[in-house]
>>> print(open('data-v8.txt').read())   # compact mmCIF, C-alpha atoms and all ligand atoms
# COMPACT_ATOMS: atom_id res chain seq x y z
CA MET A 1 250.34 44.83 91.45
CA ASN A 2 247.35 46.83 90.34
CA GLU A 3 249.41 49.05 88.07
CA PRO A 4 248.05 48.93 84.53
CA HIS A 5 250.48 47.63 81.91
CA LEU A 6 251.20 50.53 79.56
CA SER A 7 252.81 50.61 76.19
CA GLN A 8 256.10 52.46 76.35
CA THR A 9 256.32 53.06 72.64
CA ALA A 10 254.74 55.11 69.91
CA GLN A 11 251.52 53.53 68.74
CA GLY A 12 250.39 55.69 65.84
CA THR A 13 249.43 53.11 63.23
CA ALA A 14 246.15 53.14 61.31
CA LEU A 15 245.08 50.13 63.34
CA PHE A 16 245.87 51.94 66.57
CA GLU A 17 243.37 54.63 65.55
CA THR A 18 240.71 52.02 64.71
CA ILE A 19 241.19 50.12 67.97
CA THR A 20 241.29 53.30 70.04
CA SER A 21 238.07 54.65 68.61
CA GLN A 22 236.37 51.28 69.13
CA ILE A 23 237.42 51.30 72.80
CA GLU A 24 236.37 54.94 73.24
CA HIS A 25 232.96 54.02 71.85
CA ASP A 26 232.26 50.61 73.40
CA GLY A 27 234.75 50.23 76.28
CA PRO A 28 237.64 47.76 76.63
CA ILE A 29 237.93 44.96 74.06
CA SER A 30 239.00 41.40 74.81
CA LEU A 31 242.69 40.59 74.37
CA ALA A 32 241.73 37.97 71.74
CA ASN A 33 239.85 40.67 69.86
CA TYR A 34 242.92 42.96 70.03
CA ILE A 35 245.27 40.20 68.79
CA GLY A 36 242.77 39.20 66.09
CA LEU A 37 242.79 42.77 64.77
CA ALA A 38 246.55 43.29 65.10
CA LEU A 39 247.29 40.08 63.18
CA GLY A 40 244.26 39.58 61.00
CA ASP A 41 242.65 42.95 60.15
CA ALA A 42 241.91 42.79 56.42
CA ASP A 43 243.66 46.10 55.64
CA HIS A 44 246.27 46.62 58.32
CA GLY A 45 246.75 43.28 60.10
CA PHE A 46 250.27 41.90 60.41
CA TYR A 47 249.65 38.78 58.28
CA HIS A 48 247.69 40.65 55.65
CA LYS A 49 249.95 43.45 54.62
CA GLN A 50 253.39 41.95 54.41
CA ASP A 51 255.54 38.86 54.23
CA PRO A 52 256.84 38.59 57.79
CA PHE A 53 259.05 35.54 57.29
CA GLY A 54 262.73 35.06 56.58
CA ALA A 55 265.90 37.01 57.23
CA ASP A 56 264.40 40.31 56.02
CA GLY A 57 261.12 39.84 57.84
CA ASP A 58 260.09 39.85 61.46
CA PHE A 59 260.87 36.25 62.30
CA THR A 60 262.28 33.07 60.75
CA THR A 61 260.57 29.71 60.98
CA ALA A 62 262.05 26.20 60.73
CA PRO A 63 261.01 25.58 57.09
CA GLU A 64 262.68 28.87 56.11
CA ILE A 65 265.91 27.84 57.87
CA SER A 66 266.44 24.57 55.99
CA GLY A 67 264.62 22.48 53.42
CA LEU A 68 265.65 19.45 55.48
CA PHE A 69 262.97 20.32 58.03
CA GLY A 70 260.19 19.85 55.46
CA GLU A 71 261.93 16.83 54.01
CA MET A 72 262.00 15.06 57.38
CA CYS A 73 258.36 15.98 58.11
CA GLY A 74 257.38 14.76 54.62
CA LEU A 75 259.18 11.44 55.13
CA TYR A 76 257.49 11.07 58.49
CA LEU A 77 253.98 11.71 57.16
CA ALA A 78 254.68 9.34 54.25
CA TYR A 79 255.50 6.64 56.79
CA MET A 80 252.28 7.36 58.72
CA ALA A 81 250.23 7.35 55.50
CA ASP A 82 251.81 4.07 54.40
CA LEU A 83 250.90 2.48 57.75
CA SER A 84 247.29 3.53 57.30
CA GLY A 85 246.97 1.90 53.89
CA LEU A 86 246.73 5.10 51.79
CA LYS A 87 242.98 5.12 51.24
CA GLN A 88 242.41 8.29 49.16
CA PRO A 89 244.48 10.49 51.46
CA ALA A 90 244.14 14.27 51.53
CA ILE A 91 246.91 16.61 52.61
CA LEU A 92 246.32 19.40 55.14
CA GLU A 93 248.39 22.32 56.34
CA LEU A 94 247.30 24.82 58.94
CA GLY A 95 248.97 28.23 58.48
CA PRO A 96 251.25 27.49 55.50
CA GLY A 97 253.04 30.90 55.47
CA ARG A 98 255.11 31.13 52.29
CA GLY A 99 254.30 27.51 51.33
CA SER A 100 257.92 26.39 51.81
CA LEU A 101 257.14 23.51 54.17
CA MET A 102 254.49 22.06 51.86
CA ALA A 103 256.77 22.51 48.83
CA ASP A 104 259.57 20.59 50.59
CA MET A 105 257.21 17.81 51.72
CA ARG A 106 255.74 17.49 48.23
CA HIS A 107 259.21 17.27 46.76
CA VAL A 108 259.93 14.22 48.93
CA TRP A 109 256.57 12.65 48.10
CA SER A 110 257.15 13.09 44.38
CA GLN A 111 260.23 10.91 44.79
CA ILE A 112 258.94 8.22 47.15
CA MET A 113 255.15 8.27 47.36
CA PRO A 114 253.21 9.52 44.33
CA GLN A 115 249.87 8.90 46.08
CA LEU A 116 250.69 11.74 48.47
CA ALA A 117 252.22 13.97 45.78
CA GLU A 118 249.00 13.67 43.76
CA ALA A 119 246.60 14.03 46.70
CA PRO A 120 244.56 17.25 47.04
CA VAL A 121 246.17 19.82 49.34
CA HIS A 122 243.95 21.67 51.82
CA LEU A 123 245.41 24.87 53.24
CA VAL A 124 243.97 26.75 56.21
CA GLU A 125 244.98 30.37 55.64
CA THR A 126 243.23 33.66 56.31
CA SER A 127 245.62 36.08 54.60
CA PRO A 128 244.89 36.76 50.89
CA ALA A 129 248.51 37.91 50.38
CA LEU A 130 249.88 34.65 51.78
CA ARG A 131 247.31 32.58 49.84
CA GLN A 132 248.68 34.14 46.66
CA ARG A 133 252.25 33.30 47.69
CA GLN A 134 251.22 29.72 48.46
CA LYS A 135 249.51 29.44 45.08
CA ASP A 136 252.61 30.65 43.25
CA ARG A 137 254.88 28.38 45.25
CA LEU A 138 252.82 25.19 45.11
CA ALA A 139 251.48 25.20 41.53
CA PRO A 140 250.55 22.80 39.92
CA ALA A 141 249.27 21.06 43.10
CA ASP A 142 245.51 20.53 43.50
CA LEU A 143 245.01 23.31 46.09
CA TYR A 144 241.99 24.22 48.25
CA TRP A 145 241.96 27.07 50.76
CA HIS A 146 239.91 27.16 53.94
CA ILE A 147 239.33 29.43 56.91
CA GLY A 148 238.31 26.59 59.21
CA LEU A 149 238.13 22.81 59.12
CA ASP A 150 234.44 22.34 58.32
CA ASP A 151 234.81 21.49 54.64
CA LEU A 152 237.51 18.85 54.59
CA PRO A 153 236.77 15.86 52.35
CA ALA A 154 235.53 12.69 54.09
CA THR A 155 238.91 10.93 53.77
CA PRO A 156 241.99 10.40 55.96
CA VAL A 157 244.08 13.57 56.24
CA PHE A 158 247.83 13.74 56.69
CA GLY A 159 248.59 17.16 57.98
CA ILE A 160 250.99 19.55 59.60
CA ALA A 161 250.78 22.78 61.56
CA ASN A 162 254.11 24.54 62.13
CA GLU A 163 253.91 27.72 64.19
CA PHE A 164 250.17 27.95 63.56
CA PHE A 165 248.74 27.53 67.05
CA ASP A 166 251.09 30.14 68.58
CA ALA A 167 249.62 32.76 66.21
CA LEU A 168 246.01 32.29 67.29
CA PRO A 169 244.50 34.97 69.56
CA ILE A 170 244.47 34.26 73.29
CA ASP A 171 242.75 35.78 76.27
CA GLN A 172 244.38 36.36 79.62
CA ALA A 173 243.05 36.40 83.17
CA ILE A 174 244.73 37.88 86.23
CA TRP A 175 244.41 36.63 89.80
CA ARG A 176 243.46 39.35 92.30
CA ASP A 177 243.72 38.56 96.00
CA GLY A 178 240.59 39.40 97.97
CA GLN A 179 240.55 42.52 100.15
CA ASN A 180 239.81 42.35 103.91
CA GLY A 181 239.49 38.59 104.14
CA THR A 182 237.30 38.06 101.08
CA THR A 183 238.36 35.34 98.65
CA GLY A 184 240.29 36.34 95.56
CA SER A 185 239.19 35.86 91.96
CA TRP A 186 240.42 35.38 88.41
CA ARG A 187 239.47 38.43 86.37
CA HIS A 188 239.47 38.91 82.62
CA ARG A 189 242.32 41.07 81.31
CA PRO A 190 240.90 43.08 78.42
CA VAL A 191 242.58 45.92 76.56
CA GLY A 192 241.53 49.44 77.41
CA LEU A 193 242.81 52.99 77.17
CA ILE A 194 244.87 54.53 79.94
CA ASP A 195 245.76 58.18 79.32
CA GLY A 196 245.32 57.68 75.58
CA ARG A 197 247.55 54.61 75.45
CA LEU A 198 246.56 50.98 75.00
CA GLY A 199 247.03 48.86 78.10
CA PHE A 200 245.63 45.98 80.12
CA VAL A 201 242.75 46.75 82.47
CA ASP A 202 240.94 44.53 84.98
CA GLY A 203 237.68 43.14 83.59
CA ALA A 204 234.84 41.04 84.98
CA PRO A 205 235.56 37.98 87.13
CA LEU A 206 235.61 34.69 85.23
CA SER A 207 232.40 32.70 85.61
CA LYS A 208 232.46 29.17 87.03
CA ALA A 209 232.06 27.76 83.53
CA GLU A 210 235.00 29.86 82.30
CA ILE A 211 237.16 28.69 85.19
CA ASP A 212 236.51 25.09 84.07
CA ILE A 213 237.18 25.81 80.39
CA TRP A 214 240.41 27.65 81.24
CA HIS A 215 241.49 24.66 83.41
CA LEU A 216 241.91 26.93 86.43
CA ALA A 217 239.78 25.01 88.92
CA SER A 218 242.64 22.79 90.11
CA LEU A 219 245.19 25.62 90.54
CA ALA A 220 245.87 26.01 94.25
CA ALA A 221 246.29 29.51 95.72
CA PRO A 222 247.79 31.55 92.87
CA ALA A 223 249.87 34.59 93.87
CA ASP A 224 248.32 38.03 93.46
CA GLY A 225 248.88 39.18 89.87
CA SER A 226 249.37 35.67 88.42
CA ILE A 227 248.41 35.45 84.77
CA ALA A 228 246.57 32.62 83.03
CA GLU A 229 246.01 32.25 79.29
CA TYR A 230 243.33 30.56 77.24
CA CYS A 231 243.18 30.07 73.47
CA ALA A 232 239.57 29.41 72.47
CA MET A 233 240.51 29.23 68.78
CA ALA A 234 243.15 26.55 69.43
CA ASP A 235 240.52 24.51 71.27
CA ALA A 236 238.13 24.91 68.34
CA TYR A 237 240.71 23.94 65.66
CA ALA A 238 241.98 21.00 67.73
CA ALA A 239 238.41 19.78 68.33
CA LYS A 240 237.55 19.89 64.60
CA LEU A 241 240.80 18.19 63.65
CA ALA A 242 240.23 15.49 66.28
CA THR A 243 236.66 14.90 65.11
CA HIS A 244 237.89 14.50 61.53
CA ILE A 245 240.76 12.18 62.40
CA ALA A 246 238.54 10.12 64.73
CA SER A 247 235.97 9.69 61.92
CA TYR A 248 238.16 9.20 58.85
CA GLY A 249 241.69 8.49 60.11
CA GLY A 250 244.98 10.21 59.34
CA ALA A 251 247.64 12.00 61.37
CA CYS A 252 248.56 15.63 61.96
CA LEU A 253 251.92 16.86 63.24
CA ILE A 254 251.69 19.94 65.47
CA ILE A 255 254.99 21.76 65.91
CA ASP A 256 255.34 24.88 68.00
CA TYR A 257 257.06 26.47 70.93
CA GLY A 258 255.22 25.67 74.07
CA ARG A 259 254.87 23.30 76.99
CA ASP A 260 252.84 20.32 78.07
CA GLY A 261 250.89 22.66 80.33
CA PRO A 262 250.23 26.37 80.84
CA SER A 263 253.04 28.94 80.61
CA GLY A 264 251.58 31.83 82.65
CA ASP A 265 252.09 35.13 80.85
CA SER A 266 253.61 34.04 77.52
CA LEU A 267 252.25 36.65 75.13
CA GLN A 268 255.10 38.20 73.17
CA ALA A 269 255.55 40.70 70.36
CA VAL A 270 258.38 40.73 67.82
CA ALA A 271 259.17 43.28 65.12
CA ASN A 272 262.29 43.13 62.93
CA HIS A 273 263.62 40.18 64.99
CA GLN A 274 263.46 42.30 68.20
CA PRO A 275 261.10 41.90 71.16
CA VAL A 276 258.74 44.86 71.51
CA ASP A 277 255.83 45.78 73.77
CA VAL A 278 252.61 43.87 72.93
CA PHE A 279 250.87 47.19 72.26
CA HIS A 280 253.70 48.51 70.07
CA GLN A 281 252.30 49.73 66.76
CA PRO A 282 249.46 47.20 66.33
CA GLY A 283 249.71 45.55 62.91
CA ASP A 284 253.48 46.11 62.66
CA ALA A 285 254.57 43.45 65.15
CA ASP A 286 253.97 39.71 65.31
CA LEU A 287 252.09 38.62 68.41
CA SER A 288 252.35 35.04 69.61
CA HIS A 289 252.16 32.92 72.73
CA TRP A 290 253.49 29.62 74.06
CA VAL A 291 251.22 26.77 73.05
CA ASP A 292 249.68 24.68 75.84
CA PHE A 293 249.88 21.15 74.41
CA SER A 294 247.95 19.73 77.38
CA ALA A 295 244.94 21.83 76.29
CA LEU A 296 245.27 20.47 72.73
CA ARG A 297 245.42 16.93 74.15
CA GLN A 298 242.25 17.56 76.13
CA SER A 299 240.44 18.72 72.97
CA ALA A 300 241.71 15.66 71.10
CA VAL A 301 240.50 13.26 73.79
CA ASN A 302 237.15 15.04 74.21
CA ASN A 303 236.53 14.49 70.50
CA GLY A 304 237.51 10.84 70.18
CA ALA A 305 241.15 11.20 69.06
CA ARG A 306 244.47 11.34 70.93
CA LEU A 307 247.58 13.49 70.95
CA VAL A 308 250.99 11.84 71.24
CA GLY A 309 253.89 13.90 72.58
CA PRO A 310 254.91 16.59 72.92
CA VAL A 311 258.59 15.72 72.59
CA THR A 312 261.23 18.32 71.91
CA GLN A 313 261.87 19.23 68.26
CA GLY A 314 265.55 18.32 68.74
CA ASP A 315 264.73 14.83 70.07
CA PHE A 316 262.10 14.24 67.40
CA LEU A 317 264.29 15.23 64.46
CA GLN A 318 267.23 13.22 65.82
CA ALA A 319 265.03 10.17 66.45
CA ILE A 320 263.74 10.16 62.89
CA GLY A 321 267.20 10.47 61.40
CA ILE A 322 268.00 14.10 60.58
CA ALA A 323 271.72 13.59 61.31
CA GLN A 324 272.02 10.68 58.84
CA ARG A 325 270.03 12.59 56.22
CA THR A 326 272.24 15.67 56.69
CA GLU A 327 275.38 13.56 56.23
CA ALA A 328 273.96 12.06 53.04
CA VAL A 329 273.08 15.48 51.60
CA ALA A 330 276.42 16.98 52.75
CA LYS A 331 278.38 14.37 50.79
CA LEU A 332 276.98 15.84 47.58
CA ALA A 333 277.66 19.47 48.52
CA ASP A 334 280.69 21.75 48.28
CA ALA A 335 282.45 22.87 51.47
CA GLU A 336 280.58 26.14 51.88
CA THR A 337 277.14 24.60 51.29
CA ARG A 338 278.07 21.84 53.73
CA ARG A 339 278.92 24.36 56.44
CA GLY A 340 275.63 26.18 55.86
CA LEU A 341 273.72 22.90 56.02
CA PHE A 342 275.25 21.80 59.32
CA ALA A 343 274.70 25.26 60.83
CA ALA A 344 271.04 25.23 59.77
CA VAL A 345 270.42 21.76 61.18
CA ASP A 346 272.16 22.76 64.41
CA ARG A 347 269.74 25.67 64.65
CA LEU A 348 266.80 23.26 64.37
CA VAL A 349 268.01 20.67 66.87
CA SER A 350 270.34 22.25 69.42
CA SER A 351 268.71 23.00 72.75
CA GLN A 352 270.33 26.47 72.87
CA GLN A 353 268.45 27.32 69.70
CA MET A 354 265.10 25.86 68.56
CA GLY A 355 265.66 22.27 69.68
CA SER A 356 264.05 22.30 73.11
CA ALA A 357 261.71 25.32 73.19
CA PHE A 358 259.95 23.88 70.14
CA LYS A 359 257.88 20.74 70.67
CA VAL A 360 256.39 18.16 68.34
CA ALA A 361 253.08 16.42 68.96
CA MET A 362 250.81 14.42 66.69
CA MET A 363 247.05 14.04 66.56
CA LEU A 364 246.00 10.45 65.81
CA PRO A 365 242.90 8.28 65.95
CA SER A 366 242.39 6.77 69.41
CA GLY A 367 244.55 3.76 70.15
CA THR A 368 247.63 2.84 72.14
CA GLY A 369 250.83 2.33 70.13
CA LEU A 370 253.46 5.08 70.02
CA PRO A 371 254.92 5.86 66.59
CA PRO A 372 258.67 6.45 66.05
CA GLY A 373 259.93 9.73 67.44
CA PHE A 374 257.42 9.65 70.30
CA ALA A 375 258.24 6.27 71.78
CA ASP A 376 260.55 7.14 74.69
CA ASP A 377 259.62 10.67 75.43
CA GLN A 378 255.87 10.93 75.62
CA GLY A 379 254.75 13.67 77.95
CA SER A 380 258.17 15.29 78.22
CA THR A 381 257.95 18.92 79.27
CA ALA A 382 261.26 20.83 79.27
N1 LIG B 401 253.84 27.48 58.91
C1 LIG B 401 254.55 28.62 58.37
C2 LIG B 401 253.97 29.97 58.83
C3 LIG B 401 253.74 30.18 60.29
S1 LIG B 401 253.07 31.77 60.64
C4 LIG B 401 256.01 28.52 58.67
O1 LIG B 401 256.38 27.69 59.50
O2 LIG B 401 256.80 29.27 58.09
C5 LIG B 401 251.36 31.51 60.90
C6 LIG B 401 250.54 31.19 59.67
O3 LIG B 401 249.19 30.99 60.10
C7 LIG B 401 250.46 32.29 58.61
O4 LIG B 401 250.36 31.68 57.34
C8 LIG B 401 249.17 33.02 58.99
O5 LIG B 401 248.63 33.79 57.97
C9 LIG B 401 248.30 31.85 59.37
N2 LIG B 401 247.20 32.19 60.28
C10 LIG B 401 247.29 32.93 61.37
N3 LIG B 401 246.10 33.01 62.01
C11 LIG B 401 245.25 32.26 61.30
C12 LIG B 401 243.87 31.92 61.46
N4 LIG B 401 243.16 32.38 62.46
N5 LIG B 401 243.32 31.10 60.55
C13 LIG B 401 244.05 30.64 59.50
N6 LIG B 401 245.37 30.94 59.31
C14 LIG B 401 245.95 31.74 60.19
>>> encode(input="data-v8.txt", output="structure tokens", more="lines below")
Ligand code: SAH
Amino acid sequence: MNEPHLSQTAQGTALFETITSQIEHDGPISLANYIGLALGDADHGFYHKQDPFGADGDFTTAPEISGLFGEMCGLYLAYMADLSGLKQPAILELGPGRGSLMADMRHVWSQIMPQLAEAPVHLVETSPALRQRQKDRLAPADLYWHIGLDDLPATPVFGIANEFFDALPIDQAIWRDGQNGTTGSWRHRPVGLIDGRLGFVDGAPLSKAEIDIWHLASLAAPADGSIAEYCAMADAYAAKLATHIASYGGACLIIDYGRDGPSGDSLQAVANHQPVDVFHQPGDADLSHWVDFSALRQSAVNNGARLVGPVTQGDFLQAIGIAQRTEAVAKLADAETRRGLFAAVDRLVSSQQMGSAFKVAMMLPSGTGLPPGFADDQGSTA
């Protein structure tokens, strides 16, 4: 179990050189630091140097599969905004990618709810290349870009985050059984160099405070080599969002693959639609993890808001009427378009595809009622 995890593949990217020399100089770096560089380095990070989405890219997301995804989310947020009385709402998206989801939501709002179509749009995006794409796609909307959530206007926000939280850097810890009768411990799992290759090494034991923050205190007797994950950035974003929604109102849909609890070792790397080693050519592969919705709920509650769900994406979309909407759109389409439409919607809802791995949750002000789509299924895991 003590074998280091080694990359099996060539690693010779510019970022590999940067990371390697940093480790040679200062010792192992945290996994979150490694992921932050691989995805977000200003020159060579995955999200900064290319457009990773769509059929030609490294992965495809729901809004890129069908415009109906954004339409349904837009209708849903319009309903939530209407319920709240529409007091100077602002729109928020975390990690807008190509801007397709926001464009599809705004299209719906322009038809049914001008107050939302005219509201300022706040986009949380780190990549200058993607900011430019979003600007081109969403003009003439009133757009504001942010790195964090500190500068949102003091108004209710109606927001969405699709595949945002899975892209935030995580850390991992590994359980090591004690030797000769001593008790075992959770140890950090930083990234070091093993024979010139990047790989996981054992780091310092987690402190008592870290064990609490990582929610590991209640885990009974983990097996030697068990992996735990913690996403400090997700906690921070969820806490800020919760504080805002608790103070000013609003609602934010959070859609991602994940579970209502931890997933063990869920870090994965994908390049050209294929799984690759997490240390494969840093900057050339997407790195992501399964979102722990229970941790997001904890952040929401700690900051005066609540999180409803998660329910599966398939159940949510069906409950809010995607089948009826698809039928209505299909009636206006020719046979080939109709086939494409049904295939795309099947991809979004069927449990063999995205329907059950992906979950939908929503951050709301504290309270008790369950909105449509969450009513029967709150807390479902799958
Ligand atoms: N929501 C889009 C894109 C998902 S990919 C879709 O569904 O197609 C993740 C998005 O989050 C990208 O736009 C990426 O640049 C952005 N992102 C990743 N890490 C970020 C961070 N730390 N802060 C802000 N944006 C980030």
>>> closest_residue(input="data-v8.txt", among="A:Gln115, A:Ser127, A:Thr243, A:Ser288", to="ligand LIG 401 (chain B)", atoms="all atoms listed in the file")
A:Ser127
>>> residues_near_ligand(input="data-v8.txt", ligand="ligand LIG 401 (chain B)", cutoff="8 Å", atoms="all atoms listed in the file", output="ChimeraX atom specification")
/A:36,39-40,47-48,53,60-64,93-101,124-127,130,146-148,161-169,233
>>> atom_distance(input="data-v8.txt", atom1="CA of Gly258 in chain A", atom2="CA of Leu31 in chain A")
19.5 Å
>>> residues_near_point(input="data-v8.txt", point="(240.1, 9.5, 66.9)", cutoff="12 Å", atoms="all atoms listed in the file", output="PyMOL selection string")
chain A and resi 156+238-252+297+299-308+362-368
>>> residues_around(input="data-v8.txt", residues="Met354 in chain A", least_positions_apart="2", cutoff="10 Å", atoms="all atoms listed in the file", output="PDB file with C-alpha atoms, in the frame of the given file")
ATOM      1  CA  THR A  61     260.570  29.710  60.980  1.00  0.00           C
ATOM      2  CA  ALA A  62     262.050  26.200  60.730  1.00  0.00           C
ATOM      3  CA  ASP A 256     255.340  24.880  68.000  1.00  0.00           C
ATOM      4  CA  TYR A 257     257.060  26.470  70.930  1.00  0.00           C
ATOM      5  CA  THR A 312     261.230  18.320  71.910  1.00  0.00           C
ATOM      6  CA  GLN A 313     261.870  19.230  68.260  1.00  0.00           C
ATOM      7  CA  GLY A 314     265.550  18.320  68.740  1.00  0.00           C
ATOM      8  CA  VAL A 345     270.420  21.760  61.180  1.00  0.00           C
ATOM      9  CA  ASP A 346     272.160  22.760  64.410  1.00  0.00           C
ATOM     10  CA  ARG A 347     269.740  25.670  64.650  1.00  0.00           C
ATOM     11  CA  LEU A 348     266.800  23.260  64.370  1.00  0.00           C
ATOM     12  CA  VAL A 349     268.010  20.670  66.870  1.00  0.00           C
ATOM     13  CA  SER A 350     270.340  22.250  69.420  1.00  0.00           C
ATOM     14  CA  SER A 351     268.710  23.000  72.750  1.00  0.00           C
ATOM     15  CA  GLN A 352     270.330  26.470  72.870  1.00  0.00           C
ATOM     16  CA  SER A 356     264.050  22.300  73.110  1.00  0.00           C
ATOM     17  CA  ALA A 357     261.710  25.320  73.190  1.00  0.00           C
ATOM     18  CA  PHE A 358     259.950  23.880  70.140  1.00  0.00           C
ATOM     19  CA  LYS A 359     257.880  20.740  70.670  1.00  0.00           C
TER      20      LYS A 359
END
>>> closest_residue(input="data-v8.txt", among="A:Tyr34, A:Phe374, A:Phe342, A:Tyr230", to="Val191 in chain A", atoms="all atoms listed in the file")
A:Tyr34
>>> residues_around(input="data-v8.txt", residues="Ala375 in chain A", least_positions_apart="4", cutoff="12 Å", atoms="all atoms listed in the file", output="ChimeraX atom specification")
/A:308-311,315-316,319-320,361,368-371,379-380
>>> residues_around(input="data-v8.txt", residues="Ile112 in chain A", least_positions_apart="6", cutoff="12 Å", atoms="only C-alpha atoms", output="list in words")
Glu71, Gly74, Leu75, Tyr76, Leu77, Ala78, Tyr79, Asp82, Met105, Arg106 and Glu118 of chain A
>>> residues_near_point(input="data-v8.txt", point="(251.6, 27.6, 44.3)", cutoff="10 Å", atoms="all atoms listed in the file", output="number ranges by chain")
A: 98-100, 102-103, 131-143
>>> atom_distance(input="data-v8.txt", atom1="CA of Phe158 in chain A", atom2="CA of Leu92 in chain A")
6.1 Å
>>> residues_around(input="data-v8.txt", residues="Ala217 in chain A", least_positions_apart="5", cutoff="12 Å", atoms="all atoms listed in the file", output="PyMOL selection string")
chain A and resi 185-186+206-212+222+228
>>> closest_residue(input="data-v8.txt", among="A:Arg187, A:His107, A:His122, A:His44", to="Ser30 in chain A", atoms="only C-alpha atoms")
A:Arg187
>>> axis_aligned_box(input="data-v8.txt", around="range 280-284 of chain A", padding_each_side="3 Å", output="JSON")
{"center_x": 251.6, "center_y": 47.6, "center_z": 66.4, "size_x": 10.2, "size_y": 10.2, "size_z": 13.4}
>>> closest_atom_pairs(input="data-v8.txt", of="range 157-199 of chain A", to="range 25-28 of chain A", cutoff="9 Å", atoms="only C-alpha atoms", output="CSV")
residue,atom,partner,partner_atom,distance
A:Pro190,CA,A:Pro28,CA,6.0
A:Val191,CA,A:Pro28,CA,5.3
A:Gly192,CA,A:Pro28,CA,4.3
A:Leu193,CA,A:Pro28,CA,7.4
>>> atom_distance(input="data-v8.txt", atom1="CA of Glu229 in chain A", atom2="CA of Arg197 in chain A")
22.7 Å
>>> closest_residue(input="data-v8.txt", among="A:Asp286, A:Thr20, A:Arg259, A:Ala234", to="Ala271 in chain A", atoms="only C-alpha atoms")
A:Asp286
